[in-house]
Amino acid sequence: MRDFVHSNLDQDVRRRVICAQPVSLEEKRVWHATLARQGWAAPHWPVEWGGTGWSPAKNYLFVETLAEEGAPELSPFGLQLLAPVLIRYGTEQQKRSYLPKILSGEHRWCQGFSEPGAGSDLASLKTRAVLDGDQWVINGQKMWTTVAHAADMMFCLVRTDPDAPRPQMGISMLLIDMKNTPGVDVRPIMLLNGERTTNEVYFDNARVPAANLVGEVNEGWNYTRVVLGNERLNIARVGLCKRQLRHLEQVVGRSGLSGEGRKRIRRHIAGVALDLMSVEALSLRMLGRYQLGDAPGFEANFLKLKGAELQQRLTRLLVEATGPSALRLGADGEDSNLLKNHFDTRVVSIYGGSSEVQRNIVAKGMLGLTKPASTAVKGARA
Amino acid sequence: MIDTQDDVRRMLADGVDRLLEREYGFEQRDAMRKAMATGQGLDKSVLWPRLEELGIFMLAADKDAVQDPASLGHMSVVAEAMGRGLAIEPALPAMLGARLAALAGTAGVLADGQLAVVAPSILHGRESGFGAEAMDGGWRLSGQEDVWLGGDAAQILLLSARDMQGVPHLFAMPADQPGVTCTPYQLFDGRGAANVALNSVETNPAYLVAQGEALADAFERIELEASLLNACDAVGAMRGANALTLEQLQTRHQFGRPIGAFQALQHRMVDMSLVLELADALVAQAMVAACNGPDAGGWRLACGALVRTALSSRQIAEETVQMHGGMGLTEEYPAAHYFARLTSFELLYPAEEWTERFARLAPLDKAA
């Protein structure tokens with residue numbers, strides 16, 4: 001796997017990934033195509049749809065090794081998030097028309113989940129879809145839709161039963177052609193990083209074929225749980241953290257830092273390295289249990305929030321180790337854009353269920369802390 | 001601790017847990033702690049014979065056990081149960097004594113059931129506090145080392161001393177030998193300990209059990225194993241503290257609802273669970289690595305495990321007391337006892353010291 005990255009990934013792209021410099025969507029597409037030719041674009045898929053049949057352990061190692069070696073991350077929306085849902089709940093027609101193009105990288109997908117009023121509280125989403133003959137008519141607004149501007153397709157959560165007893169029960173999942181559907185309007189949201197990565201998407205009587213419904217009507221929330229539950233084995237991004245740690249050590253090694261400043265940053269680096277070891281140990285334990293048949297449990301929530309913290313500490317340390325030139329924006333060279341990169345990493349504890357939501361899930365699910373008052377007798381256990 | 005289907009370990013874990021969780025409640029164990037505080041010494045008539053029945057010394061001392069990677073895992077099960085159960089009996093020191101004797105190839109020097117305690121300088125990889133002088137037909141030993149965990153109940157003291165040429169020697173010294181001053185006392189966490197001073201103790205040559213640089217291997221291995229087994233004790237204590245604190249959040253009512261209904265406390269409880277999981281997973285991984293002996297990879301993981309366990313111990317100790325309020329400070333309730341046990345660990349294995357050690361193991365300058 002390491003050799004494959006070294007021989008097939010453009011050296012300049014690899015260098016930029018390692019140094020936390022920007023990589024374009026087109027460069028990522030080229031790498032996706034390279035992996036697809038090797039049969040490695042989606043190793044975790046079933047063999048009949050182009051997967052490898054590898055064990056979970058090998059899949060885990062594949063993802064971490066590629067990240068460690070400086071390969072760009074492929075867009076997860078089609079490959080990791082939607083595909084397992086289609087494979088499990090999609091029609092034959094949907095599988096045949098979408099999966100091959102996800103695998104090859106020909107289609108770029110985006111995820112229409114968040115809305116202005118539905119972030120952490122995703123189930124309160126309001127975008128409405130009404131069946132009119134053999135078409136769904138969609139009205140409403142999505143927000144924080146990553147790469148919607150460059151996407152061919154969107155998988156979208158819409159409200160199909162506003163009167164359902166619980167908000168989760170009136171949601172459906174639709175597949176929307178982003179290039180050829182009148183009434184779909186994508187507008188950029190500019191972040192301080194100066195890049196257009198995320199968007200608002202407006203639907204004004206946008207019509208999609210009834211056949212683009214995934215699974216059953218009003219069952220979309222259950223599929224969403226599958227989406228959010230996928231690829232949790234690699235959720236802490238251990239390989240990426242190892243790569244950043246190694247790069248950080250090199251930066252400190254050749255930096256002009258001396259004396260107390262150098263000592264201080266090395267102590268911080270050792271602290272992150274030690275923390276990373278415990279995160280890797282927990283990831284491997286989760287993997288071991290998964291191999292024995294246990295679905296990833298609350299370890300995954302722990303690893304999401306702890307992994308986010310580690311990534312943020314690493315990019316922060318890289319800024320500190322580089323010194324004032326890390327503040328510089330847009331110039332050539334490895335030192336520039338590092339503060340921007342650190343800023344971008346703040347999103348890791350916000351997307352995919354914020355760290356606060358992860359804590360809520362563990363508090364409720366694992367610790368049972370939102371239940372009504374328990375009547376257990378206190379002091380029974382030492 | 002270690003993830004395996006090993007039946008022996010499961011039976012052992014069940015046995016120790018049943019013993020500590022069901023047969024000896026917190027009140028009974030705490031009565032022993034109080035009795036010790038009145039100067040009666042450790043009451044070895046209650047829990048100790050039951051621990052012996054479980055065969056905890058065999059685990060450590062059996063000659064085959066030293067070669068058997070599973071034996072370390074078995075000891076970890078006992079250590080974790082002792083920590084969780086807040087037991088004050090010196091099971092861990094006893095296992096380490098038997099283990100060192102076996103590692104040094106001299107398991108036979110200990111009689112059945114004899115409680116041998118290892119000098120803290122050996123367990124912590126420090127220079128010995130004792131010196132040895134050869135004399136006709138034996139040795140003369142002098143020096144002092146403080147805070148021998150379990151030393152209050154020791155029958156044999158396993159100590160290292162260099163001779164005039166600087167060669168290390170391992171002695172198995174009876175604690176009641178004339179000239180040996182063993183000053184017992186109780187730690188804040190209730191366990192017993194002692195300071196040991198030797199004042200020109202003239203020894204029988206039979207007390208010398210091994211010598212030479214080959215001892216360094218046995219010493220390094222017992223240091224690694226002792227540190228990880230102490231971490232297992234702390235993992236057990238953290239598990240107990242978290243269970244107790246969760247119960248407190250579910251049952252203590254203020255402002256008309258269980259305090260666990262408040263999100264601020266929920267999130268802190270989640271963080272306590274998180275840092276326990278991290279420590280548990282890494283200690284288990286380090287344990288597996290340590291079965292191959294103390295190589296560089298083993299020490300690397302051990303450093304990680306010790307630092308993580310120390311940091312987690314401190315956080316859980318402090319949060320456990322805080323979330324119990326005033327009750328968390330009382331003698332009658334286990335929360336404070338967990339605080340004491342966990343604080344002992346993180347002071348004996350300070351996170352900063354082990355972070356430094358890790359940094360020395362993995363030089364950051366080797367820029368490729």
# chains A, B, ... in the order shown; residues from 1 in each chain; ligands from 1
>>> interface_residues(of="chain B", to="chain A", cutoff="8 Å", atoms="only C-alpha atoms", output="MDAnalysis selection string")
chainID B and resid 21 25:26 84:86 240 244 246:251 257:258 260:261 263 266:267 269:271 274 277:279 281:282 285 301 303:305 307:308 333:334 355:356 358:359 364:368
>>> residues_around(residues="Trp54 in chain A", least_positions_apart="3", cutoff="12 Å", atoms="only C-alpha atoms", output="count of residues only")
17
>>> select_by_dssp(residues="range 202-344 of chain B", states="alpha helix (DSSP H)", output="ChimeraX atom specification")
/B:215-251,263-290,296-324,334-344
>>> residues_around(residues="Ala175 in chain B", least_positions_apart="3", cutoff="7 Å", atoms="only C-alpha atoms", output="MDAnalysis selection string")
chainID B and resid 154:157 180 182
>>> atom_distance(atom1="CA of Ala335 in chain B", atom2="CA of Glu80 in chain B")
17.3 Å
>>> atom_distance(atom1="CA of Thr322 in chain A", atom2="CA of Arg346 in chain A")
18.9 Å
>>> atom_distance(atom1="CA of Ser354 in chain A", atom2="CA of Glu115 in chain A")
15.1 Å
>>> residues_around(residues="Pro178 in chain B", least_positions_apart="4", cutoff="10 Å", atoms="only C-alpha atoms", output="PyMOL selection string")
chain B and resi 174+198-203
>>> select_by_dssp(residues="range 147-377 of chain A", states="strand (DSSP E)", output="number ranges by chain")
A: 153-159, 171-177, 184-189, 198-209, 213-214
>>> residues_around(residues="Ser128 in chain B", least_positions_apart="2", cutoff="8 Å", atoms="only C-alpha atoms", output="JSON, numbers by chain")
{"B": [121, 122, 126, 130, 131, 145, 160, 161, 162]}
>>> closest_residue(among="A:His107, A:Arg14, A:Arg328, A:Lys101", to="Asp177 in chain A", atoms="only C-alpha atoms")
A:His107
